[in-house]
Amino acid sequence: MSLTQIVRNVFVPRQHALERHQNEGEALQRAVLHHLIKTAQDTEFGRHHVFGAIKDYDDFIAHIPVNTYEELKDDIDRMRQGEANILWPGRVKWYAKSSGTTNDKSKFIPVSSEGLQKIHYAGGYDSVAIYLRNNPKSRLFDGRALILGGSHAPNYNLKDSLVGDLSAILIENINPLANLVRVPKKKTALLSDFEVKRERIALEAMNKNVTNISGVPSWMLSVLTCMMEITGKTHLEEVWPNIEVFFHGGVAFTPYREQYKRLITSPNMHYMETYNASEGFFGIQDDPADKSMLLMLDYGVFYEFIPMEEFGKENPTIVPLWGVEKGKNYAMVISTSCGLWRYQIGDTIQFTSTNPYKFIISGRTKHFINAFGEELIVDNAEQGLEYACEKTGAEVLEYTAAPVFMDENAKCRHQWLIEFSKRPDDLQQFASLLDKRLQEINSDYEAKRYKDITLQHLEIIEARPNLFNDWLKLRGKLGGQHKVPRLSNSRESIEQLLSLNDK
């Protein structure tokens with residue numbers, strides 16, 4: 001009997017418990033809200049907002065305003081300085097460093113002990129539980145897990161307090177038993193220099209029996225490519241014959257799918273998307289045939305949603321989970337057991353089902369182009385690129401896009417900077433196919449493109465190899481959870497990249 005056959009029994013109770021997501025979504029979420037309010041009522045934030053008087057959701061929204069990072073920043077900084085009972089009971093020792101805001105280079109997201117266990121680790125546990133349920137012949141635990149992580153550093157030199165990538169915080173605090181089945185060794189996993197780290201990871205992992213890998217697709221691909229170069233092999237299964245699943249998240253998988261298919265040709269390989277952010281673990285792909293993810297409803301996260309057509313208004317409509325509609329684009333608002341209260345996370349999602357609640361990530365509240373009323377979101381971009389790649393055989397490694405504003409002739413367009421891992425034979429044909437698909441899936445874009453009156457045909461500039469990695473490296477953001485901004489109303493990022501592209 002294999003080890004996996006023995007261990008899989010441990011996950012059976014949770015597999016049954018997850019069935020409650022099918023019909024009891026509202027009850028699960030109301031229970032989470034009750035727990036959060038009751039637990040935090042004696043914190044400084046809880047007393048200030050009179051948590052003791054909150055009995056239901058209507059009271060909750062009456063007592064607590066919607067917050068951005070800027071509004072919670074001062075309280076979070078006091079917590080980082082060692083103050084206790086501010087946003088969550090006790091002293092919070094860990095802070096996940098995330099991409100910055102308008103006013104700051106970085107955000108520091110508190111990660112409480114309860115949040116670590118009942119949100120982040122719970123998501124990892126459930127990912128395995130769902131995978132084993134879907135794959136009864138799995139031998140997952142008969143080999144090692146390659147888990148990519150970032151790095152961390154002392155937080156204000158406070159004892160036992162850390163700040164860094166969430167993945168590094170998870171590795172630092174993981175159950176020591178888990179280190180028996182994972183690679184690389186902890187010291188390597190937490191190295192800050194990604195270029196040094198990826199080679200060491202490859203060297204440590206290439207002779208192990210790795211059955212599963214977890215991480216951000218772009219950075220994992222970099223590690224695996226390095227290992228192929230060292231071993232001289234062509235396909236990953238030549239190095240790891242028993243590789244069977246990639247648990248991926250952090251960025252959309254679409255631009256990388258064909259490269260992974262080329263790298264891993266085994267028919268037994270599976271791909272499973274997760275939605276794990278610095279702020280929480282929110283979703284798991286529970287059906288291999290459906291790209292949407294199951295919203296995780298019984299962790300320490302209470303969800304609310306702002307319809308994107310009202311986002312940014314002074315008093316937008318905000319609905320709880322049981323008020324959402326399929327197909328609408330929503331900005332997520334979360335309250336968590338890490339002390340985030342009605343916090344706008346910055347991500348947008350669309351529900352594909354409400355029984356159970358399943359969704360796709362559609363983009364970021366700041367990562368879209370709406371310079372001319374076209375309302376282009378990241379999900380549109382991913383679909384358009386996928387279509388153009390399918391028709392031309394091209395493969396996109398990285399990309400970003402921004403508007404070119406009206407010139408003296410009132411001409412304007414979208415400018416795309418794309419790094420191909422396999423370039424199309426005809427770049428103009430690729431651009432036309434992308435433009436055509438965007439018009440098919442986005443009526444606002446189609447209207448603005450009508451007869452080239454408002455918006456001209458999009459422009460594609462081919463990026464030199466490694467441009468995006470070089471740009472991230474110059475900004476000190478190579479590796480970890482750092483991401484390339486896909487779409488932006490501002491030309492700041494694309495101008496920096498274009499200047500680097502000429503060097």
# chains A, B, ... in the order shown; residues from 1 in each chain; ligands from 1
>>> select_by_dssp(residues="segment 157-186 of chain A", states="strand (DSSP E)", output="ChimeraX atom specification")
/A:162-164,182-183
>>> write_last_selection(atoms="N, CA, C and O atoms", output="PDB file, in the first residue's frame")
ATOM      1  N   LEU A 162       8.408  39.113  11.707  1.00  0.00           N
ATOM      2  CA  LEU A 162       8.962  39.048  10.361  1.00  0.00           C
ATOM      3  C   LEU A 162       8.107  39.820   9.371  1.00  0.00           C
ATOM      4  O   LEU A 162       6.888  39.931   9.523  1.00  0.00           O
ATOM      5  N   VAL A 163       8.758  40.336   8.326  1.00  0.00           N
ATOM      6  CA  VAL A 163       8.065  40.965   7.215  1.00  0.00           C
ATOM      7  C   VAL A 163       8.672  40.426   5.922  1.00  0.00           C
ATOM      8  O   VAL A 163       9.890  40.231   5.830  1.00  0.00           O
ATOM      9  N   GLY A 164       7.839  40.139   4.940  1.00  0.00           N
ATOM     10  CA  GLY A 164       8.357  39.610   3.679  1.00  0.00           C
ATOM     11  C   GLY A 164       7.255  39.013   2.837  1.00  0.00           C
ATOM     12  O   GLY A 164       6.070  39.243   3.086  1.00  0.00           O
ATOM     13  N   ARG A 182       9.094  18.071   1.474  1.00  0.00           N
ATOM     14  CA  ARG A 182       9.189  19.186   0.541  1.00  0.00           C
ATOM     15  C   ARG A 182      10.652  19.474   0.204  1.00  0.00           C
ATOM     16  O   ARG A 182      11.568  19.125   0.949  1.00  0.00           O
ATOM     17  N   VAL A 183      10.860  20.103  -0.932  1.00  0.00           N
ATOM     18  CA  VAL A 183      12.153  20.624  -1.357  1.00  0.00           C
ATOM     19  C   VAL A 183      11.908  22.043  -1.871  1.00  0.00           C
ATOM     20  O   VAL A 183      10.788  22.370  -2.278  1.00  0.00           O
TER      21      VAL A 183
END
>>> residues_around(residues="segment 465-479 of chain A", least_positions_apart="2", cutoff="10 Å", atoms="only C-alpha atoms", output="MDAnalysis selection string")
chainID A and resid 99 148:151 165 192:195 197:198 216 218:220 222 397:400 417:421 462:463 481:484 493 496:498 500:503
>>> atom_distance(atom1="atom CA of Asp298 of chain A", atom2="atom CA of Ser353 of chain A")
17.7 Å
>>> residues_around(residues="Asn207 of chain A", least_positions_apart="2", cutoff="10 Å", atoms="only C-alpha atoms", output="list in words")
Ala202, Leu203, Glu204, Ala205, Asn209, Val210, Thr231, Val239 and Trp240 of chain A
>>> residues_around(residues="Asp426 of chain A", least_positions_apart="6", cutoff="12 Å", atoms="only C-alpha atoms", output="VMD selection string")
chain A and resid 388 to 389 391 to 394 432 to 433 460 462
>>> residues_around(residues="Leu116 of chain A", least_positions_apart="5", cutoff="8 Å", atoms="only C-alpha atoms", output="list in words")
Val111, Tyr121 and Leu170 of chain A
>>> residues_around(residues="Thr254 of chain A", least_positions_apart="2", cutoff="12 Å", atoms="only C-alpha atoms", output="PyMOL selection string")
chain A and resi 217-218+248-249+251-252+256-261+271+273+291+378-387+389-390+395-399
